[in-house]
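Engineer: What follows is the file entry-v2.cif, containing mmCIF, C-alpha atoms:
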```cif
data_my_file
loop_
_atom_site.label_atom_id
_atom_site.label_comp_id
_atom_site.auth_asym_id
_atom_site.auth_seq_id
_atom_site.Cartn_x
_atom_site.Cartn_y
_atom_site.Cartn_z
CA MET K 1131 -33.30 39.41 16.29
CA GLU K 1132 -30.09 41.04 17.60
CA PRO K 1133 -28.11 43.30 15.24
CA PRO K 1134 -24.70 41.98 14.15
CA SER K 1135 -21.92 42.88 16.55
CA GLN K 1136 -19.87 45.87 15.43
CA ASN K 1137 -16.77 44.04 16.69
CA LEU K 1138 -16.97 41.53 13.84
CA LYS K 1139 -15.76 44.16 11.39
CA THR K 1140 -12.69 45.04 13.50
CA ALA K 1141 -11.76 41.59 14.91
CA PRO K 1142 -8.57 40.12 13.35
CA LEU K 1143 -8.91 36.97 11.30
CA LEU K 1144 -8.31 33.85 13.34
CA SER K 1145 -4.94 32.22 12.71
CA LEU K 1146 -3.12 29.37 14.39
CA ARG K 1147 0.24 31.12 14.27
CA ARG K 1148 -1.00 33.79 16.70
CA PHE K 1149 -1.36 31.03 19.32
CA HIS K 1150 1.89 29.20 18.52
CA ILE K 1151 -0.04 26.31 16.99
CA SER K 1152 1.53 24.54 14.02
CA GLU K 1153 -0.42 23.75 10.87
CA ASP K 1154 1.67 20.59 10.52
CA TYR K 1155 2.01 19.46 14.15
CA GLY K 1156 -0.89 21.12 15.97
CA PHE K 1157 -0.11 21.68 19.63
CA LEU K 1158 3.17 19.75 19.34
CA LEU K 1159 6.23 21.99 19.37
CA PRO K 1160 7.91 21.48 15.97
CA ASN K 1161 11.52 20.30 16.20
CA PRO K 1162 11.71 20.72 19.98
CA LEU K 1163 15.42 19.82 20.25
CA MET K 1164 17.20 22.53 22.23
CA PRO K 1165 18.32 25.36 19.93
CA LEU K 1166 21.82 26.78 20.01
CA LEU K 1167 21.86 29.13 22.96
CA SER K 1168 23.27 32.61 22.51
CA CYS K 1169 25.52 34.07 25.22
CA GLN K 1170 25.16 37.62 23.91
CA GLY K 1171 22.46 38.49 26.44
CA LEU K 1172 24.71 37.70 29.40
CA GLN K 1173 25.82 41.15 30.49
CA SER K 1174 27.26 40.89 33.98
CA TYR K 1175 29.83 38.66 35.65
CA ARG K 1176 27.11 37.31 37.96
CA GLU K 1177 24.91 36.37 34.98
CA GLN K 1178 27.80 34.50 33.35
CA ARG K 1179 28.56 32.63 36.58
CA LEU K 1180 24.90 31.60 36.85
CA ALA K 1181 24.91 30.47 33.20
CA HIS K 1182 28.04 28.40 33.87
CA LEU K 1183 26.31 26.83 36.87
CA VAL K 1184 23.24 25.82 34.84
CA LEU K 1185 25.19 24.58 31.80
CA SER K 1186 27.58 22.57 33.99
CA PHE K 1187 24.69 20.79 35.75
CA ILE K 1188 23.02 20.00 32.42
CA THR K 1189 26.33 18.64 31.14
CA MET K 1190 26.91 16.37 34.15
CA GLY K 1191 23.34 15.10 33.99
CA TYR K 1192 23.71 14.35 30.29
CA VAL K 1193 27.13 12.66 30.46
CA TRP K 1194 26.34 10.44 33.47
CA GLN K 1195 22.62 9.80 32.88
CA GLU K 1196 23.22 6.06 32.33
CA GLY K 1197 25.73 5.74 35.18
CA GLN K 1198 29.47 5.15 35.11
CA THR K 1199 29.23 2.06 32.87
CA GLN K 1200 27.75 3.93 29.88
CA PRO K 1201 28.84 7.57 29.96
CA LYS K 1202 28.16 9.73 26.92
CA GLU K 1203 31.28 10.28 24.84
CA VAL K 1204 30.10 13.35 22.90
CA LEU K 1205 28.54 16.54 24.26
CA PRO K 1206 26.10 17.86 21.61
CA ARG K 1207 27.08 21.15 19.98
CA ASN K 1208 23.94 22.96 21.17
CA LEU K 1209 25.25 22.44 24.71
CA ALA K 1210 28.99 22.32 24.07
CA LEU K 1211 29.27 25.62 22.17
CA PRO K 1212 27.56 27.94 24.68
CA PHE K 1213 29.17 26.12 27.61
CA VAL K 1214 32.66 26.57 26.18
CA GLU K 1215 31.93 30.20 25.25
CA VAL K 1216 30.78 31.10 28.77
CA SER K 1217 33.71 29.15 30.23
CA ARG K 1218 36.23 31.08 28.12
CA ASN K 1219 34.65 34.38 29.10
CA LEU K 1220 34.98 33.46 32.78
CA GLY K 1221 38.35 31.73 32.59
CA LEU K 1222 36.80 28.53 33.93
CA PRO K 1223 36.89 25.01 32.42
CA PRO K 1224 33.72 23.66 30.73
CA ILE K 1225 32.83 21.22 33.50
CA LEU K 1226 31.13 21.34 36.89
CA ALA K 1227 33.68 22.71 39.37
CA HIS K 1228 33.62 23.74 43.03
CA ALA K 1229 33.02 27.30 41.81
CA ASP K 1230 29.68 26.10 40.38
CA LEU K 1231 28.55 23.34 42.74
CA VAL K 1232 29.14 25.36 45.89
CA LEU K 1233 30.21 28.97 45.38
CA THR K 1234 27.39 29.84 42.96
CA ASN K 1235 24.75 27.30 43.92
CA TRP K 1236 23.10 28.70 47.06
CA THR K 1237 20.36 31.10 48.08
CA THR K 1238 18.69 32.17 51.31
CA ARG K 1239 15.07 31.35 52.02
CA ASN K 1240 14.74 34.42 54.22
CA PRO K 1241 17.37 37.13 53.63
CA GLU K 1242 16.58 38.62 57.04
CA ARG K 1243 17.74 35.49 58.87
CA SER K 1244 21.26 34.18 59.46
CA LEU K 1245 23.16 31.83 57.16
CA GLU K 1246 22.34 28.43 58.62
CA ILE K 1247 21.39 25.29 56.76
CA ARG K 1248 17.68 25.57 57.57
CA ASN K 1249 17.63 29.00 55.93
CA LEU K 1250 19.54 27.94 52.81
CA ASP K 1251 18.64 26.18 49.61
CA ILE K 1252 20.42 25.19 46.42
CA ILE K 1253 19.60 26.72 43.03
CA VAL K 1254 20.21 23.71 40.75
CA SER K 1255 20.14 20.03 41.69
CA LEU K 1256 21.04 16.55 40.44
CA PRO K 1257 20.02 13.08 41.69
CA GLY K 1258 20.69 12.66 45.40
CA GLY K 1259 17.75 14.43 47.03
CA GLU K 1260 18.25 15.79 50.52
CA SER K 1261 21.73 14.26 50.76
CA LEU K 1262 22.91 16.25 47.73
CA ARG K 1263 21.33 19.39 49.17
CA GLY K 1264 23.09 18.73 52.48
CA PHE K 1265 26.44 18.04 50.84
CA ILE K 1266 26.35 21.31 48.91
CA LEU K 1267 25.01 23.49 51.71
CA VAL K 1268 27.34 22.19 54.42
CA THR K 1269 30.19 23.01 52.04
CA VAL K 1270 28.68 26.48 51.53
CA LEU K 1271 28.78 26.93 55.31
CA VAL K 1272 32.39 25.72 55.38
CA GLU K 1273 33.26 28.48 52.89
CA LYS K 1274 31.39 30.98 55.07
CA ALA K 1275 33.25 29.83 58.17
CA ALA K 1276 36.50 30.62 56.34
CA VAL K 1277 35.64 34.31 55.90
CA PRO K 1278 37.23 35.52 59.18
CA GLY K 1279 40.33 33.50 58.24
CA ILE K 1280 40.52 35.12 54.81
CA MET K 1281 40.19 38.55 56.40
CA ALA K 1282 42.91 37.56 58.88
CA LEU K 1283 45.27 36.75 55.99
CA VAL K 1284 44.87 40.27 54.64
CA GLN K 1285 45.37 41.77 58.10
CA ALA K 1286 48.45 39.61 58.69
CA VAL K 1287 50.14 40.40 55.36
CA ASN K 1288 49.57 44.12 55.93
CA ALA K 1289 50.83 43.81 59.51
CA ILE K 1290 54.12 42.34 58.27
CA LEU K 1291 54.46 45.13 55.70
CA GLN K 1292 53.77 47.71 58.41
CA HIS K 1293 56.03 46.00 61.01
CA SER K 1294 53.14 45.68 63.45
CA ASP K 1295 53.64 42.50 65.47
CA ASN K 1296 50.63 43.22 67.67
CA SER K 1297 48.34 43.34 64.64
CA LEU K 1298 50.00 40.20 63.26
CA LEU K 1299 49.43 38.35 66.54
CA ARG K 1300 45.72 39.24 66.51
CA ALA K 1301 45.45 38.10 62.89
CA LEU K 1302 47.07 34.74 63.65
CA GLN K 1303 44.72 34.21 66.57
CA GLN K 1304 41.75 35.00 64.33
CA LEU K 1305 43.04 32.60 61.67
CA ARG K 1306 43.28 29.77 64.21
CA LEU K 1307 39.71 30.36 65.38
CA SER K 1308 38.47 30.37 61.79
CA ILE K 1309 40.21 27.08 60.96
CA GLN K 1310 38.71 25.49 64.07
CA ASP K 1311 35.26 26.78 63.05
CA ILE K 1312 35.72 25.23 59.60
CA THR K 1313 36.39 21.86 61.24
CA ARG K 1314 33.28 22.14 63.41
CA THR K 1315 31.17 23.16 60.43
CA LEU K 1316 32.43 20.25 58.35
CA GLY K 1317 31.07 17.99 61.09
CA GLN K 1318 27.54 18.90 60.01
CA MET K 1319 28.07 16.64 57.00
CA HIS K 1320 27.19 13.66 59.21
CA ASN K 1321 23.78 15.17 60.00
CA TYR K 1322 22.70 15.90 56.44
CA VAL K 1323 24.41 13.47 54.05
CA ASP K 1324 23.73 9.72 53.85
CA PRO K 1325 27.03 7.93 53.01
CA ASP K 1326 25.30 5.29 50.88
CA ILE K 1327 23.49 7.93 48.81
CA PHE K 1328 26.66 9.97 48.41
CA TYR K 1329 28.72 6.99 47.27
CA ALA K 1330 26.19 5.24 45.02
CA VAL K 1331 24.25 8.19 43.60
CA ILE K 1332 25.84 11.61 44.04
CA ARG K 1333 29.52 10.94 43.44
CA ILE K 1334 29.25 9.89 39.81
CA PHE K 1335 27.60 13.19 38.86
CA LEU K 1336 30.54 15.11 40.34
CA SER K 1337 33.12 13.05 38.44
CA GLY K 1338 35.06 14.36 35.48
CA TRP K 1339 36.76 12.93 32.42
CA LYS K 1340 40.40 13.18 33.38
CA ASP K 1341 42.17 10.44 35.37
CA ASN K 1342 38.85 8.61 35.29
CA PRO K 1343 38.94 4.96 34.13
CA ALA K 1344 35.25 5.23 33.20
CA MET K 1345 36.14 7.83 30.53
CA PRO K 1346 39.77 7.12 29.64
CA VAL K 1347 39.86 9.23 26.45
CA GLY K 1348 37.85 12.19 27.78
CA LEU K 1349 34.77 13.91 26.34
CA THR K 1350 34.32 15.29 22.82
CA TYR K 1351 32.80 18.78 22.81
CA GLU K 1352 31.00 18.77 19.46
CA GLY K 1353 31.70 21.86 17.37
CA VAL K 1354 34.60 22.83 19.64
CA SER K 1355 37.23 20.17 19.08
CA THR K 1356 37.43 16.99 17.04
CA GLU K 1357 39.60 15.43 19.74
CA PRO K 1358 38.25 14.52 23.19
CA LEU K 1359 39.10 16.96 25.99
CA LYS K 1360 39.97 15.97 29.56
CA TYR K 1361 38.84 17.85 32.68
CA SER K 1362 38.84 16.84 36.34
CA GLY K 1363 35.61 16.64 38.30
CA GLY K 1364 34.62 18.85 41.21
CA SER K 1365 36.90 18.56 44.23
CA ALA K 1366 37.42 20.22 47.60
CA ALA K 1367 40.95 20.87 46.32
CA GLN K 1368 39.38 23.46 44.00
CA SER K 1369 38.39 25.61 46.99
CA THR K 1370 40.63 28.67 47.29
CA VAL K 1371 40.49 28.62 51.09
CA LEU K 1372 43.13 26.03 52.00
CA HIS K 1373 45.37 27.05 49.09
CA ALA K 1374 45.47 30.56 50.55
CA PHE K 1375 46.08 29.27 54.08
CA ASP K 1376 48.89 27.00 52.86
CA GLU K 1377 50.61 29.82 50.98
CA PHE K 1378 50.37 32.17 53.95
CA LEU K 1379 51.63 29.62 56.47
CA GLY K 1380 54.37 28.43 54.11
CA ILE K 1381 53.23 24.79 53.92
CA CYS K 1382 55.34 22.81 51.43
CA HIS K 1383 53.69 19.71 49.98
CA SER K 1384 55.26 16.76 48.16
CA LYS K 1385 55.83 17.25 44.43
CA GLU K 1386 53.00 14.90 43.49
CA SER K 1387 50.52 16.59 45.82
CA ALA K 1388 51.72 20.07 44.89
CA ASP K 1389 51.36 19.32 41.18
CA PHE K 1390 47.76 18.20 41.68
CA LEU K 1391 46.91 21.19 43.89
CA HIS K 1392 48.37 23.63 41.38
CA ARG K 1393 46.37 21.96 38.60
CA MET K 1394 43.22 22.42 40.68
CA ARG K 1395 43.84 26.17 40.69
CA GLU K 1396 42.93 26.17 37.00
CA TYR K 1397 39.38 25.29 38.12
CA MET K 1398 39.06 28.41 40.26
CA PRO K 1399 37.78 31.79 39.10
CA PRO K 1400 40.92 33.62 37.86
CA SER K 1401 40.51 36.40 40.45
CA HIS K 1402 40.54 33.82 43.26
CA LYS K 1403 43.65 32.20 41.82
CA ALA K 1404 45.24 35.66 41.65
CA PHE K 1405 44.53 36.12 45.37
CA ILE K 1406 46.50 32.94 46.14
CA GLU K 1407 49.37 34.18 44.00
CA GLU K 1408 49.30 37.53 45.80
CA ILE K 1409 49.59 35.75 49.16
CA HIS K 1410 52.46 33.66 47.75
CA SER K 1411 54.37 36.77 46.66
CA ALA K 1412 53.91 38.52 50.02
CA PRO K 1413 56.79 38.60 52.57
CA SER K 1414 57.37 35.23 54.25
CA LEU K 1415 55.46 34.84 57.49
CA ARG K 1416 57.78 32.10 58.71
CA ASP K 1417 60.90 34.19 58.06
CA HIS K 1418 59.36 37.18 59.82
CA ILE K 1419 58.47 35.14 62.92
CA LEU K 1420 61.88 33.50 63.17
CA SER K 1421 63.76 36.77 62.67
CA SER K 1422 61.55 38.60 65.18
CA GLY K 1423 62.39 36.28 68.08
CA ASN K 1424 58.83 36.86 69.30
CA ASP K 1425 57.70 33.77 71.21
CA GLN K 1426 54.04 34.86 71.13
CA LEU K 1427 54.07 35.00 67.35
CA LEU K 1428 55.79 31.62 67.12
CA THR K 1429 53.21 30.04 69.44
CA ALA K 1430 50.30 31.64 67.54
CA TYR K 1431 51.76 30.43 64.22
CA ASN K 1432 52.14 26.88 65.50
CA GLN K 1433 48.59 26.91 66.81
CA CYS K 1434 47.39 27.82 63.30
CA VAL K 1435 49.37 24.94 61.82
CA GLU K 1436 48.07 22.54 64.47
CA ALA K 1437 44.50 23.64 63.76
CA LEU K 1438 45.09 23.02 60.06
CA VAL K 1439 46.48 19.55 60.81
CA GLU K 1440 43.37 18.80 62.88
CA LEU K 1441 41.14 19.99 60.04
CA ARG K 1442 42.93 17.79 57.53
CA SER K 1443 42.83 14.80 59.88
CA TYR K 1444 39.10 15.30 60.32
CA HIS K 1445 38.65 15.58 56.56
CA ILE K 1446 40.35 12.19 56.23
CA THR K 1447 37.82 10.77 58.72
CA VAL K 1448 34.93 12.19 56.69
CA VAL K 1449 36.31 10.90 53.37
CA THR K 1450 36.90 7.46 54.90
CA LYS K 1451 33.24 7.29 55.96
CA TYR K 1452 31.77 8.56 52.69
CA LEU K 1453 34.13 6.84 50.28
CA ILE K 1454 36.15 3.93 51.68
CA THR K 1455 33.63 2.52 54.18
CA ALA K 1456 30.72 3.21 51.82
CA ALA K 1457 32.55 1.35 49.03
CA THR K 1458 33.01 -1.69 51.27
CA LYS K 1459 29.32 -1.64 52.21
CA ALA K 1460 28.29 -1.27 48.56
CA LYS K 1461 30.25 -4.38 47.57
CA GLY K 1462 28.38 -6.52 50.09
CA ARG K 1463 25.01 -4.89 49.67
CA LYS K 1464 22.04 -7.04 48.77
CA PRO K 1465 20.08 -5.89 45.71
CA ASN K 1466 18.01 -2.80 46.53
CA HIS K 1467 17.01 0.53 45.03
CA LEU K 1468 20.57 1.90 45.03
CA PRO K 1469 22.92 1.44 42.05
CA GLY K 1470 25.90 -0.86 42.39
CA PRO K 1471 29.29 0.45 43.48
CA SER K 1472 31.16 2.70 41.06
CA GLN K 1473 34.05 0.30 40.50
CA ALA K 1474 36.09 2.52 38.20
CA LEU K 1475 36.17 5.23 40.87
CA GLU K 1476 36.38 3.10 44.00
CA GLU K 1477 39.56 4.57 45.50
CA ARG K 1478 39.47 7.91 43.70
CA GLY K 1479 38.04 11.24 44.67
CA THR K 1480 35.85 13.11 42.20
CA GLY K 1481 38.91 15.16 41.24
CA GLY K 1482 40.69 12.02 40.10
CA THR K 1483 43.21 11.45 42.90
CA VAL K 1484 43.86 8.26 44.85
CA VAL K 1485 42.22 10.12 47.64
CA LEU K 1486 43.43 8.76 51.00
CA SER K 1487 47.12 8.70 50.14
CA PHE K 1488 46.82 12.27 48.83
CA LEU K 1489 44.99 13.55 51.91
CA LYS K 1490 47.40 11.85 54.32
CA SER K 1491 50.40 13.29 52.49
CA VAL K 1492 48.91 16.78 52.62
CA ARG K 1493 48.15 16.40 56.35
CA ASP K 1494 51.62 15.06 57.18
CA LYS K 1495 53.40 17.82 55.26
CA THR K 1496 51.32 20.38 57.13
CA LEU K 1497 52.52 18.94 60.43
CA GLU K 1498 56.13 19.31 59.28
CA ALA K 1499 55.64 23.08 59.14
CA ILE K 1500 55.67 23.43 62.96
CA LEU K 1501 58.34 25.99 63.89
CA HIS K 1502 60.98 25.73 66.59
CA GLN K 1503 62.92 28.73 67.77
CA SER K 1504 66.17 27.04 66.67
CA ASP K 1505 64.82 26.92 63.06
#
```
Now that the file is in, can you turn its structure into C-alpha cells?

Structural biologist:
Amino acid sequence: MEPPSQNLKTAPLLSLRRFHISEDYGFLLPNPLMPLLSCQGLQSYREQRLAHLVLSFITMGYVWQEGQTQPKEVLPRNLALPFVEVSRNLGLPPILAHADLVLTNWTTRNPERSLEIRNLDIIVSLPGGESLRGFILVTVLVEKAAVPGIMALVQAVNAILQHSDNSLLRALQQLRLSIQDITRTLGQMHNYVDPDIFYAVIRIFLSGWKDNPAMPVGLTYEGVSTEPLKYSGGSAAQSTVLHAFDEFLGICHSKESADFLHRMREYMPPSHKAFIEEIHSAPSLRDHILSSGNDQLLTAYNQCVEALVELRSYHITVVTKYLITAATKAKGRKPNHLPGPSQALEERGTGGTVVLSFLKSVRDKTLEAILHQSD
C-alpha cells in the first residue's frame, strides 16, 4: 500500500472560481453583454486611432446589420460612451470615416517587401469579402501614390518663400507626376472590386446618418445625448490629399460643393486639417506665376491642373460603374444571393451627396483654373 502523497497537505482546496466557472451558470459566462469599456489604458495617439478604427467598425456593423430598411436607431451606451470619448480625444466624429477605413486600416504581410496590394492586408473587416479588401487597399495605395505630391507641395511653398523659381518648377513637375500616378493607381479598383458586391453589400456599411433618407433623424448615442446626432458616412472627400492640392493650385469650387468639402474636413484628423489650412494661408501660387512672367512655371502649373482634371474625370468613370450602372443592374436583377438595391441611397454617395452632379461640378471648376498669360 502506497503512503499518502505529501502534496495532499499543501494542495489548495478545489474551487470553481479559480477556473472562472460560475456556481450558478457553470461554464456559461454570467451576464456576457459587453461591459462598459474604459479608455484610460489608451496611452498613445496610435492606440487611440486603432481604438477608433475598431469601435467605428463595430458601430457600422451594429447599425446596418439588418440592411438599409431596418437600421438601428440607438447605439447602446456600452458602445456609444467609449466611442464618443475616444472621438473627442482625437478630434474625430464618432462614425467610420476615411481616417479609419483607409488611413488606419492597413498592414503589411512582409515588412521587407514593397507596398503593393499582394503584400497588404486590412486590420478590420465588414461584409464584402475580397471586394471590400480590394476597395480599402486600392485606396491605401492611392494615398501612398500621393506622397510625392504632398512632398512637392512643401517644396513648392518653400520655393515661393525663398524666391527660387527653379525649385518651384521641379516641385510642380513632381506634383504632376504624382497626380498622374494617383489616377493609374485608382485604376486597380477594376481588378479587385466587384461592382455588384460594392453596390449591394459594401456601400450600406459605409453610409452615415446625415443626409441619408434611410435614417432621416440620425442616430441616438445612448448616454451621450437624448437627441439623435447626425454624421456623414465615409467619403473620398474626407481624404486630405485633394483638399491640399486644390488649396495649393487655387481651385475655386461652387458654393454648394465648397460647403460640402469644408464640412468633410471635420472628418479628418485635426492635424491633417491644419495642414490644409497652412497651405491655404501660404503665398498664392497663381499670383506668383502670373507676376513672374515665367512661361515654364505657367506651363508646369497648367499641366498640374490638367492632370487633376483627368483624375477627377476618371473618378467620375469609376463612380458611374460602381454606383450608377450597378444600381441599374440591381433593379433588373433576378432573385439571387445579393440583397436588393439600396433605394434610399441610389443616387447618393456614402458621404450623402448627389454624387455625379457633385463630382462633375468639382471637375469642371478645376478646369476653369487653367492660367493664360493675359490673366

Engineer: For Asp1341 in chain K, which of K:Ser1487, K:Ser1308, K:Ser1387, K:Ser1362 is the closest residue, counting only C-alpha atoms?

Structural biologist: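 Counting only C-alpha atoms, the residue closest to Asp1341 in chain K is K:Ser1362.
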
Engineer: Name all residues at most 10 Å from Pro1358 in chain K (count only C-alpha atoms; drop same-chain ones fewer than 4 positions away) and give them as a JSON list (two decimals) with C-alpha atoms, in the frame of the given file.

Structural biologist:
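See out-v3.json below for the written result:
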```
[["chain", "number", "residue", "atom", "x", "y", "z"],
["K", 1203, "GLU", "CA", 31.28, 10.28, 24.84],
["K", 1204, "VAL", "CA", 30.10, 13.35, 22.90],
["K", 1205, "LEU", "CA", 28.54, 16.54, 24.26],
["K", 1339, "TRP", "CA", 36.76, 12.93, 32.42],
["K", 1346, "PRO", "CA", 39.77, 7.12, 29.64],
["K", 1347, "VAL", "CA", 39.86, 9.23, 26.45],
["K", 1348, "GLY", "CA", 37.85, 12.19, 27.78],
["K", 1349, "LEU", "CA", 34.77, 13.91, 26.34],
["K", 1350, "THR", "CA", 34.32, 15.29, 22.82],
["K", 1351, "TYR", "CA", 32.80, 18.78, 22.81],
["K", 1352, "GLU", "CA", 31.00, 18.77, 19.46],
["K", 1354, "VAL", "CA", 34.60, 22.83, 19.64]]
```

Engineer: What's around Ile1327 in chain K at 10 Å? Count only C-alpha atoms, leave out sequence neighbours fewer than 6 positions away in its own chain, and write the answer as a list in words.

Structural biologist: Pro1257, Gly1258, Gly1259, Glu1260, Ser1261, Leu1262, Arg1333, Tyr1452, Ala1456, Leu1468 and Pro1469 of chain K

Engineer: With distances taken over all atoms listed in the file, which of K:Ile1290, K:Ala1460, K:Met1394, K:Ala1499 is nearest to Ser1422 in chain K?

Structural biologist: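 For Ser1422 in chain K, the nearest of the given residues is K:Ile1290.
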
Engineer: Using all atoms listed in the file, which of the listed residues (K:Leu1316, K:Ala1141, K:Leu1211, K:Leu1180) sits closest to Asn1235 in chain K?

Structural biologist: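 The closest residue to Asn1235 in chain K is K:Leu1180.
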
Engineer: For this structure, which residues satisfy the selection - the PyMOL selection byres ((chain K and resi 1181) around 12) - when it is evaluated on the file as given? I want them as a PyMOL selection string.

Structural biologist: chain K and resi 1167-1180+1182-1188+1209+1212-1217+1219-1220+1224+1226+1230+1234-1235+1253-1254

Engineer: Which residues would end up in the selection if the PyMOL selection byres ((chain K and resi 1194) around 12) were applied here, given that I need the answer as a PyMOL selection string?

Structural biologist: chain K and resi 1187-1193+1195-1205+1256-1257+1331-1339+1344-1345+1349+1472

Engineer: Spell out the residues picked by the PyMOL selection byres ((chain K and resi 1269) around 9) here, as a ChimeraX atom specification.

Structural biologist: /K:1232-1233,1264-1268,1270-1274,1315-1316,1319,1366

Engineer: Counting all atoms listed in the file, which residue out of K:Tyr1322, K:Thr1450, K:Asn1208, K:Pro1165 sits closest to Gly1353 in chain K?

Structural biologist: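 Looking only at the distances to Gly1353 in chain K, the closest residue turns out to be K:Asn1208.
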
Engineer: Counting all atoms listed in the file, which of K:Leu1489, K:Leu1166, K:Ile1151, K:Val1484 gets nearest to Tyr1444 in chain K?

Structural biologist: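 Answer, going by the shortest atom-to-atom distance: K:Leu1489.
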
Engineer: So which one's closest to His1502 in chain K, K:Ile1381, K:Ile1419, K:Leu1372, K:Leu1283? Using all atoms listed in the file, please.

Structural biologist: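 Closest to His1502 in chain K of all the choices is K:Ile1419.
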
Engineer: Between CA of Gln1292 in chain K and CA of Ile1312 in chain K, measure the distance and give it in Å to one decimal.

Structural biologist: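 Spanning CA of Gln1292 in chain K to CA of Ile1312 in chain K is a straight-line distance of 28.9 Å.
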
Engineer: Which value, in Å to one decimal, gives the distance between CA of Lys1495 in chain K and CA of His1383 in chain K?

Structural biologist: 5.6 Å

Engineer: To one decimal place in Å, what is the distance between CA of Phe1488 in chain K and CA of Val1371 in chain K?

Structural biologist: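 Taking CA of Phe1488 in chain K and CA of Val1371 in chain K, their separation equals 17.7 Å.
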
Engineer: Show me, as a PyMOL selection string, the residues that have an atom within 12 Å of Pro1413 in chain K when counting all atoms listed in the file, minus same-chain residues fewer than 6 positions from it.

Structural biologist: chain K and resi 1286-1293+1377-1380+1419

Engineer: Which neighbours of range 1426-1429 of chain K fall inside 12 Å, counting all atoms listed in the file, when residues of the same chain fewer than 4 positions from it are skipped, and could you give them as a PyMOL selection string?

Structural biologist: chain K and resi 1286+1290+1294-1303+1306+1379+1415-1422+1433-1436+1499-1505
